[in-house]
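Enquirer: Contents of entry-v1.pdb (PDB, C-alpha atoms and all ligand atoms):
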```pdb
ATOM      1  CA  MET C   1     -12.851  20.052   2.796
ATOM      2  CA  SER C   2     -16.362  21.034   1.795
ATOM      3  CA  ALA C   3     -15.438  21.213  -1.912
ATOM      4  CA  ASN C   4     -15.244  17.393  -1.925
ATOM      5  CA  THR C   5     -18.933  17.072  -1.069
ATOM      6  CA  GLU C   6     -20.151  19.384  -3.827
ATOM      7  CA  PRO C   7     -22.259  17.618  -6.476
ATOM      8  CA  THR C   8     -20.482  16.612  -9.686
ATOM      9  CA  PRO C   9     -21.940  16.418 -13.211
ATOM     10  CA  PRO C  10     -23.256  13.015 -14.406
ATOM     11  CA  GLU C  11     -20.620  10.472 -15.431
ATOM     12  CA  SER C  12     -21.882  10.401 -19.025
ATOM     13  CA  LEU C  13     -21.370  14.151 -19.331
ATOM     14  CA  PHE C  14     -17.879  13.839 -17.909
ATOM     15  CA  ARG C  15     -17.114  11.070 -20.434
ATOM     16  CA  ASP C  16     -18.521  13.191 -23.281
ATOM     17  CA  ALA C  17     -16.338  16.118 -22.268
ATOM     18  CA  MET C  18     -13.204  13.954 -22.026
ATOM     19  CA  SER C  19     -13.928  12.440 -25.442
ATOM     20  CA  GLN C  20     -13.434  15.917 -26.918
ATOM     21  CA  PHE C  21      -9.813  16.023 -25.801
ATOM     22  CA  ALA C  22      -7.702  14.752 -28.702
ATOM     23  CA  SER C  23      -4.581  12.904 -27.622
ATOM     24  CA  GLY C  24      -1.883  10.605 -28.871
ATOM     25  CA  VAL C  25      -1.929   6.927 -27.944
ATOM     26  CA  THR C  26       0.781   5.016 -26.110
ATOM     27  CA  LEU C  27       1.618   1.531 -24.965
ATOM     28  CA  VAL C  28       2.834   1.462 -21.375
ATOM     29  CA  THR C  29       4.879  -1.630 -20.593
ATOM     30  CA  THR C  30       6.984  -3.199 -17.898
ATOM     31  CA  ARG C  31       8.319  -6.526 -16.662
ATOM     32  CA  GLY C  32       7.332  -8.315 -13.492
ATOM     33  CA  PRO C  33       9.863  -9.698 -11.010
ATOM     34  CA  ASP C  34       9.813 -12.999 -12.934
ATOM     35  CA  GLY C  35      10.638 -11.202 -16.197
ATOM     36  CA  GLN C  36       7.130 -11.555 -17.609
ATOM     37  CA  ALA C  37       5.974  -8.702 -19.856
ATOM     38  CA  TYR C  38       2.927  -6.572 -18.958
ATOM     39  CA  GLY C  39       1.373  -3.591 -20.660
ATOM     40  CA  PHE C  40      -1.696  -1.609 -21.580
ATOM     41  CA  THR C  41      -2.861   1.088 -23.979
ATOM     42  CA  ALA C  42      -2.919   4.574 -22.498
ATOM     43  CA  SER C  43      -3.922   7.961 -23.851
ATOM     44  CA  ALA C  44      -3.624   9.597 -20.415
ATOM     45  CA  PHE C  45       0.061  10.305 -21.004
ATOM     46  CA  SER C  46       1.805  13.655 -20.730
ATOM     47  CA  SER C  47       5.101  15.379 -20.541
ATOM     48  CA  LEU C  48       5.372  16.679 -16.951
ATOM     49  CA  SER C  49       8.702  18.458 -16.466
ATOM     50  CA  LEU C  50      11.726  19.514 -18.499
ATOM     51  CA  HIS C  51      14.293  20.032 -15.684
ATOM     52  CA  PRO C  52      14.393  17.236 -14.729
ATOM     53  CA  PRO C  53      12.723  15.508 -17.685
ATOM     54  CA  LEU C  54       9.622  13.710 -16.406
ATOM     55  CA  VAL C  55       6.572  12.112 -17.977
ATOM     56  CA  LEU C  56       3.357  10.872 -16.411
ATOM     57  CA  VAL C  57       0.793   8.246 -17.231
ATOM     58  CA  CYS C  58      -2.505   7.460 -15.482
ATOM     59  CA  MET C  59      -3.312   3.774 -14.915
ATOM     60  CA  GLY C  60      -6.708   2.385 -13.946
ATOM     61  CA  ALA C  61      -6.701   0.289 -10.785
ATOM     62  CA  ARG C  62      -8.837  -2.393 -12.438
ATOM     63  CA  ALA C  63      -6.271  -3.230 -15.126
ATOM     64  CA  THR C  64      -4.867  -6.757 -14.860
ATOM     65  CA  ALA C  65      -1.314  -5.462 -14.654
ATOM     66  CA  TYR C  66      -2.032  -2.832 -11.982
ATOM     67  CA  PRO C  67      -0.393  -4.742  -9.090
ATOM     68  CA  VAL C  68       2.713  -5.307 -11.217
ATOM     69  CA  PHE C  69       2.991  -1.606 -12.111
ATOM     70  CA  MET C  70       2.561  -0.713  -8.432
ATOM     71  CA  GLU C  71       5.799  -2.630  -7.721
ATOM     72  CA  ALA C  72       7.716  -1.833 -10.916
ATOM     73  CA  THR C  73      10.729   0.489 -10.794
ATOM     74  CA  ARG C  74      10.974   0.837 -14.588
ATOM     75  CA  PHE C  75       8.441   1.189 -17.361
ATOM     76  CA  ALA C  76       8.492   2.036 -21.055
ATOM     77  CA  ILE C  77       6.297   4.237 -23.211
ATOM     78  CA  SER C  78       5.794   3.605 -26.950
ATOM     79  CA  ILE C  79       4.085   6.535 -28.693
ATOM     80  CA  LEU C  80       2.102   4.860 -31.469
ATOM     81  CA  ALA C  81       2.187   5.763 -35.158
ATOM     82  CA  GLU C  82      -0.986   6.162 -37.227
ATOM     83  CA  ASP C  83      -0.685   2.640 -38.668
ATOM     84  CA  GLN C  84      -0.554   1.048 -35.181
ATOM     85  CA  ALA C  85      -4.228   1.149 -34.179
ATOM     86  CA  HIS C  86      -4.105  -2.670 -34.052
ATOM     87  CA  LEU C  87      -1.546  -2.423 -31.218
ATOM     88  CA  ALA C  88      -3.758   0.064 -29.337
ATOM     89  CA  ARG C  89      -6.632  -2.418 -29.606
ATOM     90  CA  LEU C  90      -4.464  -5.440 -28.752
ATOM     91  CA  PHE C  91      -3.155  -3.765 -25.604
ATOM     92  CA  SER C  92      -6.616  -2.749 -24.433
ATOM     93  CA  THR C  93      -8.449  -6.026 -25.012
ATOM     94  CA  ARG C  94      -8.564  -8.469 -22.128
ATOM     95  CA  GLY C  95      -7.214 -11.967 -22.691
ATOM     96  CA  THR C  96      -5.044 -11.175 -25.724
ATOM     97  CA  ASP C  97      -1.456 -12.324 -26.306
ATOM     98  CA  ARG C  98      -0.077  -8.789 -26.357
ATOM     99  CA  PHE C  99       3.595  -9.684 -26.520
ATOM    100  CA  GLY C 100       3.297 -12.223 -29.339
ATOM    101  CA  ASP C 101       2.911  -9.371 -31.834
ATOM    102  CA  PRO C 102       5.948  -9.182 -34.149
ATOM    103  CA  ALA C 103       6.288  -5.426 -33.541
ATOM    104  CA  ILE C 104       7.207  -5.964 -29.891
ATOM    105  CA  PHE C 105      10.902  -6.174 -29.059
ATOM    106  CA  ASP C 106      13.173  -5.471 -26.076
ATOM    107  CA  SER C 107      14.439  -1.948 -25.422
ATOM    108  CA  PRO C 108      18.018  -1.282 -24.208
ATOM    109  CA  HIS C 109      16.711  -1.630 -20.642
ATOM    110  CA  GLY C 110      15.036  -4.945 -21.417
ATOM    111  CA  LEU C 111      11.513  -3.530 -21.503
ATOM    112  CA  PRO C 112       9.029  -4.571 -24.200
ATOM    113  CA  VAL C 113       8.468  -1.743 -26.716
ATOM    114  CA  ALA C 114       6.872  -1.375 -30.166
ATOM    115  CA  ALA C 115       8.936  -1.194 -33.355
ATOM    116  CA  GLY C 116       7.643   1.586 -35.591
ATOM    117  CA  ALA C 117       6.433   3.680 -32.651
ATOM    118  CA  LEU C 118       7.250   7.377 -33.133
ATOM    119  CA  ALA C 119       9.064   7.497 -29.808
ATOM    120  CA  ARG C 120      10.087   4.895 -27.253
ATOM    121  CA  LEU C 121      11.063   5.991 -23.769
ATOM    122  CA  ASP C 122      12.595   3.694 -21.161
ATOM    123  CA  CYS C 123      11.781   5.303 -17.816
ATOM    124  CA  ALA C 124      12.833   4.922 -14.195
ATOM    125  CA  LEU C 125       9.887   5.247 -11.864
ATOM    126  CA  GLU C 126      10.249   8.552 -10.007
ATOM    127  CA  THR C 127       7.088   8.380  -7.915
ATOM    128  CA  ARG C 128       3.450   7.235  -7.892
ATOM    129  CA  TYR C 129       0.402   9.154  -6.738
ATOM    130  CA  PRO C 130      -3.137   7.918  -6.108
ATOM    131  CA  GLY C 131      -5.785   9.624  -8.252
ATOM    132  CA  GLY C 132      -9.321   8.387  -7.682
ATOM    133  CA  ASP C 133      -9.668   5.002  -9.359
ATOM    134  CA  HIS C 134      -6.320   5.522 -11.147
ATOM    135  CA  ALA C 135      -2.697   5.881 -10.125
ATOM    136  CA  VAL C 136      -0.384   8.483 -11.636
ATOM    137  CA  LEU C 137       2.993   6.988 -12.555
ATOM    138  CA  ILE C 138       5.774   9.514 -12.961
ATOM    139  CA  GLY C 139       8.869   8.428 -14.849
ATOM    140  CA  ARG C 140      12.273   9.848 -15.696
ATOM    141  CA  PRO C 141      13.461   8.866 -19.173
ATOM    142  CA  LEU C 142      16.669   6.808 -19.223
ATOM    143  CA  HIS C 143      16.752   6.130 -22.954
ATOM    144  CA  ILE C 144      14.835   7.557 -25.916
ATOM    145  CA  ASP C 145      14.503   6.298 -29.512
ATOM    146  CA  LEU C 146      12.696   8.147 -32.307
ATOM    147  CA  THR C 147      11.206   6.907 -35.586
ATOM    148  CA  PRO C 148       9.849   9.476 -38.070
ATOM    149  CA  GLY C 149       6.163   9.199 -38.898
ATOM    150  CA  LYS C 150       2.689  10.494 -38.125
ATOM    151  CA  PRO C 151       0.855   9.902 -34.831
ATOM    152  CA  LEU C 152      -2.150   7.784 -33.970
ATOM    153  CA  ILE C 153      -4.852  10.026 -32.468
ATOM    154  CA  HIS C 154      -7.629   9.195 -29.991
ATOM    155  CA  TYR C 155     -10.558  11.588 -30.362
ATOM    156  CA  ASP C 156     -14.324  11.288 -29.945
ATOM    157  CA  ARG C 157     -13.956   7.620 -28.857
ATOM    158  CA  ALA C 158     -12.202   6.703 -32.123
ATOM    159  CA  LEU C 159      -8.671   6.006 -33.286
ATOM    160  CA  MET C 160      -7.587   7.973 -36.350
ATOM    161  CA  GLY C 161      -4.716   9.628 -38.154
ATOM    162  CA  LEU C 162      -4.028  13.367 -38.204
ATOM    163  CA  ASP C 163      -5.489  13.695 -41.696
ATOM    164  CA  HIS C 164      -8.878  12.323 -40.642
ATOM    165  CA  ASP C 165     -11.572  14.736 -41.888
ATOM    166  CA  GLY C 166     -14.527  13.342 -39.946
TER     167      GLY C 166
HETATM  168  C1  LIG A   1      -7.436   4.551 -26.909
HETATM  169  C2  LIG A   1      -7.382   3.986 -25.512
HETATM  170  C3  LIG A   1      -6.829   4.736 -24.492
HETATM  171  C4  LIG A   1      -6.753   4.229 -23.192
HETATM  172  N1  LIG A   1      -6.163   4.981 -22.219
HETATM  173  C5  LIG A   1      -6.020   4.472 -20.979
HETATM  174  C6  LIG A   1      -5.307   5.198 -19.982
HETATM  175  O1  LIG A   1      -4.797   6.292 -20.213
HETATM  176  N2  LIG A   1      -5.158   4.627 -18.761
HETATM  177  C7  LIG A   1      -5.688   3.392 -18.480
HETATM  178  O2  LIG A   1      -5.519   2.914 -17.350
HETATM  179  N3  LIG A   1      -6.370   2.684 -19.408
HETATM  180  C8  LIG A   1      -6.528   3.194 -20.642
HETATM  181  N4  LIG A   1      -7.186   2.469 -21.608
HETATM  182  C9  LIG A   1      -7.769   1.189 -21.252
HETATM  183  C10 LIG A   1      -6.711   0.132 -21.032
HETATM  184  O3  LIG A   1      -5.877  -0.036 -22.156
HETATM  185  C11 LIG A   1      -7.443  -1.187 -20.713
HETATM  186  O4  LIG A   1      -8.401  -0.930 -19.768
HETATM  187  C12 LIG A   1      -6.512  -2.156 -20.123
HETATM  188  O5  LIG A   1      -5.645  -2.684 -21.061
HETATM  189  C13 LIG A   1      -7.369  -3.198 -19.441
HETATM  190  O6  LIG A   1      -7.175  -4.431 -19.925
HETATM  191  P1  LIG A   1      -6.395  -5.511 -19.086
HETATM  192  O7  LIG A   1      -6.941  -5.488 -17.700
HETATM  193  O8  LIG A   1      -6.684  -6.766 -19.821
HETATM  194  O9  LIG A   1      -4.970  -5.065 -19.151
HETATM  195  C14 LIG A   1      -7.265   2.944 -22.915
HETATM  196  C15 LIG A   1      -7.823   2.177 -23.949
HETATM  197  C16 LIG A   1      -7.866   2.685 -25.228
HETATM  198  C17 LIG A   1      -8.440   1.843 -26.338
END
```
Kindly return the structure encoded in the file as structure tokens.
Expert:
Amino acid sequence: MSANTEPTPPESLFRDAMSQFASGVTLVTTRGPDGQAYGFTASAFSSLSLHPPLVLVCMGARATAYPVFMEATRFAISILAEDQAHLARLFSTRGTDRFGDPAIFDSPHGLPVAAGALARLDCALETRYPGGDHAVLIGRPLHIDLTPGKPLIHYDRALMGLDHDG
């Protein structure tokens, strides 16, 4: 289609525009076939459908755990609370011991999730779609836990709480 050959704005402008979209922050986790835990920080998370309930998360193909997530049939989402910026950083920094953190424990489906997260969703993989240099993982929640609190926000390339006044 000719639309695919039309020029696009510079990458820096695209990044600047995306930085103006405020979002929550999640940890996306799974286990490999050997039981080893894998996970990464993701703000590209969304509710997708209500009937049936579905969520989606976008995962970069260059992430260490990408091949594992491309085989996984289950994954978990932990929606981080405002005091969990350290977990967002831990799960986005290469070479860290992500699962040694005391907040991480096993969900009912045996997936690593974060204590204190506002919501934890164990999901069955429904489908995956390619999306440029990312893949879109679509999951159907199997189990949900809630913890009251305020969310961690990602906005303008920074992590903050809702009460942040700039
Ligand atoms: C606030 C924040 C949001 C992020 N959102 C995403 C995302 O939605 N999808 C993604 O693939 N990576 C996202 N990342 C980057 C990944 O967490 C990071 O690239 C990944 O953990 C790579 O490290 P690894 O290869 O050591 O796992 C985000 C990072 C941060 C700090």
Enquirer: So what do you get for CA of Tyr129 (chain C) versus CA of Ala65 (chain C), distance-wise?
Expert: 16.7 Å
Enquirer: For the structure shown, which residues end up in the PyMOL selection byres (((not hetatm)) within 6 of (chain A and resi 1))? Put them as a list in words, please?
Expert: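 For this structure, the PyMOL selection byres (((not hetatm)) within 6 of (chain A and resi 1)) resolves to Phe40, Thr41, Ala42, Ser43, Ala44, Cys58, Met59, Gly60, Ala63, Thr64, Ala65, Ala88, Arg89, Phe91, Ser92, Thr93, Arg94, Gly95 and His154 of chain C.
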Enquirer: Could you please take those selected residues and save C-alpha atoms as an mmCIF file, in the coordinates of the input?
Expert:
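Generated output (selection15.cif):
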```cif
data_model
loop_
_atom_site.group_PDB
_atom_site.id
_atom_site.type_symbol
_atom_site.label_atom_id
_atom_site.label_comp_id
_atom_site.auth_asym_id
_atom_site.auth_seq_id
_atom_site.Cartn_x
_atom_site.Cartn_y
_atom_site.Cartn_z
ATOM 1 C CA PHE C 40 -1.696 -1.609 -21.580
ATOM 2 C CA THR C 41 -2.861 1.088 -23.979
ATOM 3 C CA ALA C 42 -2.919 4.574 -22.498
ATOM 4 C CA SER C 43 -3.922 7.961 -23.851
ATOM 5 C CA ALA C 44 -3.624 9.597 -20.415
ATOM 6 C CA CYS C 58 -2.505 7.460 -15.482
ATOM 7 C CA MET C 59 -3.312 3.774 -14.915
ATOM 8 C CA GLY C 60 -6.708 2.385 -13.946
ATOM 9 C CA ALA C 63 -6.271 -3.230 -15.126
ATOM 10 C CA THR C 64 -4.867 -6.757 -14.860
ATOM 11 C CA ALA C 65 -1.314 -5.462 -14.654
ATOM 12 C CA ALA C 88 -3.758 0.064 -29.337
ATOM 13 C CA ARG C 89 -6.632 -2.418 -29.606
ATOM 14 C CA PHE C 91 -3.155 -3.765 -25.604
ATOM 15 C CA SER C 92 -6.616 -2.749 -24.433
ATOM 16 C CA THR C 93 -8.449 -6.026 -25.012
ATOM 17 C CA ARG C 94 -8.564 -8.469 -22.128
ATOM 18 C CA GLY C 95 -7.214 -11.967 -22.691
ATOM 19 C CA HIS C 154 -7.629 9.195 -29.991
#
```
Enquirer: So which residues get picked by the PyMOL selection byres (((chain C and resi 100) around 12) and not hetatm) here, written as a PyMOL selection string?
Expert: chain C and resi 37-38+87+90-91+96-99+101-105+112-114
Enquirer: Rank C:Gln84, C:Ser19, C:Ser49, C:Asn4 by their smallest atom-to-atom distance to Glu126 (chain C), using all atoms listed in the file, and report the top residue only.
Expert: C:Ser49
Enquirer: Would you list the residues near (4.4, 3.5, -34.6), meaning any protein, DNA or RNA residue with an atom at most 9 Å from that point in file coordinates, counting all atoms listed in the file, as a short mmCIF file (atom, residue, chain, number, x, y, z; two decimals) with C-alpha atoms, in the frame of the given file?
Expert:
```cif
data_model
loop_
_atom_site.label_atom_id
_atom_site.label_comp_id
_atom_site.auth_asym_id
_atom_site.auth_seq_id
_atom_site.Cartn_x
_atom_site.Cartn_y
_atom_site.Cartn_z
CA SER C 78 5.79 3.60 -26.95
CA ILE C 79 4.08 6.54 -28.69
CA LEU C 80 2.10 4.86 -31.47
CA ALA C 81 2.19 5.76 -35.16
CA GLU C 82 -0.99 6.16 -37.23
CA ASP C 83 -0.68 2.64 -38.67
CA GLN C 84 -0.55 1.05 -35.18
CA ALA C 85 -4.23 1.15 -34.18
CA ALA C 114 6.87 -1.38 -30.17
CA ALA C 115 8.94 -1.19 -33.35
CA GLY C 116 7.64 1.59 -35.59
CA ALA C 117 6.43 3.68 -32.65
CA LEU C 118 7.25 7.38 -33.13
CA ALA C 119 9.06 7.50 -29.81
CA THR C 147 11.21 6.91 -35.59
CA PRO C 148 9.85 9.48 -38.07
CA GLY C 149 6.16 9.20 -38.90
CA LYS C 150 2.69 10.49 -38.12
CA PRO C 151 0.86 9.90 -34.83
CA LEU C 152 -2.15 7.78 -33.97
#
```
Enquirer: For the atom pair CA of Asp34 (chain C) and CA of Asp145 (chain C), what is the interatomic distance in Å to one decimal place?
Expert: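 Separation of CA of Asp34 (chain C) and CA of Asp145 (chain C): 25.9 Å.
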Enquirer: Name the residues that the PyMOL selection byres (((chain C and resi 55) around 12) and not hetatm) picks from the file above, as a PyMOL selection string, using the file's chain letters and numbers.
Expert: chain C and resi 28+44-54+56-58+75-77+121-128+136-142
Enquirer: For CA of Thr26 (chain C) and CA of Ile144 (chain C), quote the distance in Å rounded to one decimal.
Expert: 14.3 Å
Enquirer: Within 7 Å of (-6.8, 9.7, -27.3) (file coordinates; all atoms listed in the file), which protein or nucleic acid residues are there? I'd like them as number ranges by chain.
Expert: C: 22-25, 43, 153-155
Enquirer: Go ahead and dump the residues you just picked, C-alpha atoms, as a PDB file, in the coordinates of the input.
Expert:
```pdb
ATOM      1  CA  ALA C  22      -7.702  14.752 -28.702  1.00  0.00           C
ATOM      2  CA  SER C  23      -4.581  12.904 -27.622  1.00  0.00           C
ATOM      3  CA  GLY C  24      -1.883  10.605 -28.871  1.00  0.00           C
ATOM      4  CA  VAL C  25      -1.929   6.927 -27.944  1.00  0.00           C
ATOM      5  CA  SER C  43      -3.922   7.961 -23.851  1.00  0.00           C
ATOM      6  CA  ILE C 153      -4.852  10.026 -32.468  1.00  0.00           C
ATOM      7  CA  HIS C 154      -7.629   9.195 -29.991  1.00  0.00           C
ATOM      8  CA  TYR C 155     -10.558  11.588 -30.362  1.00  0.00           C
TER       9      TYR C 155
END
```
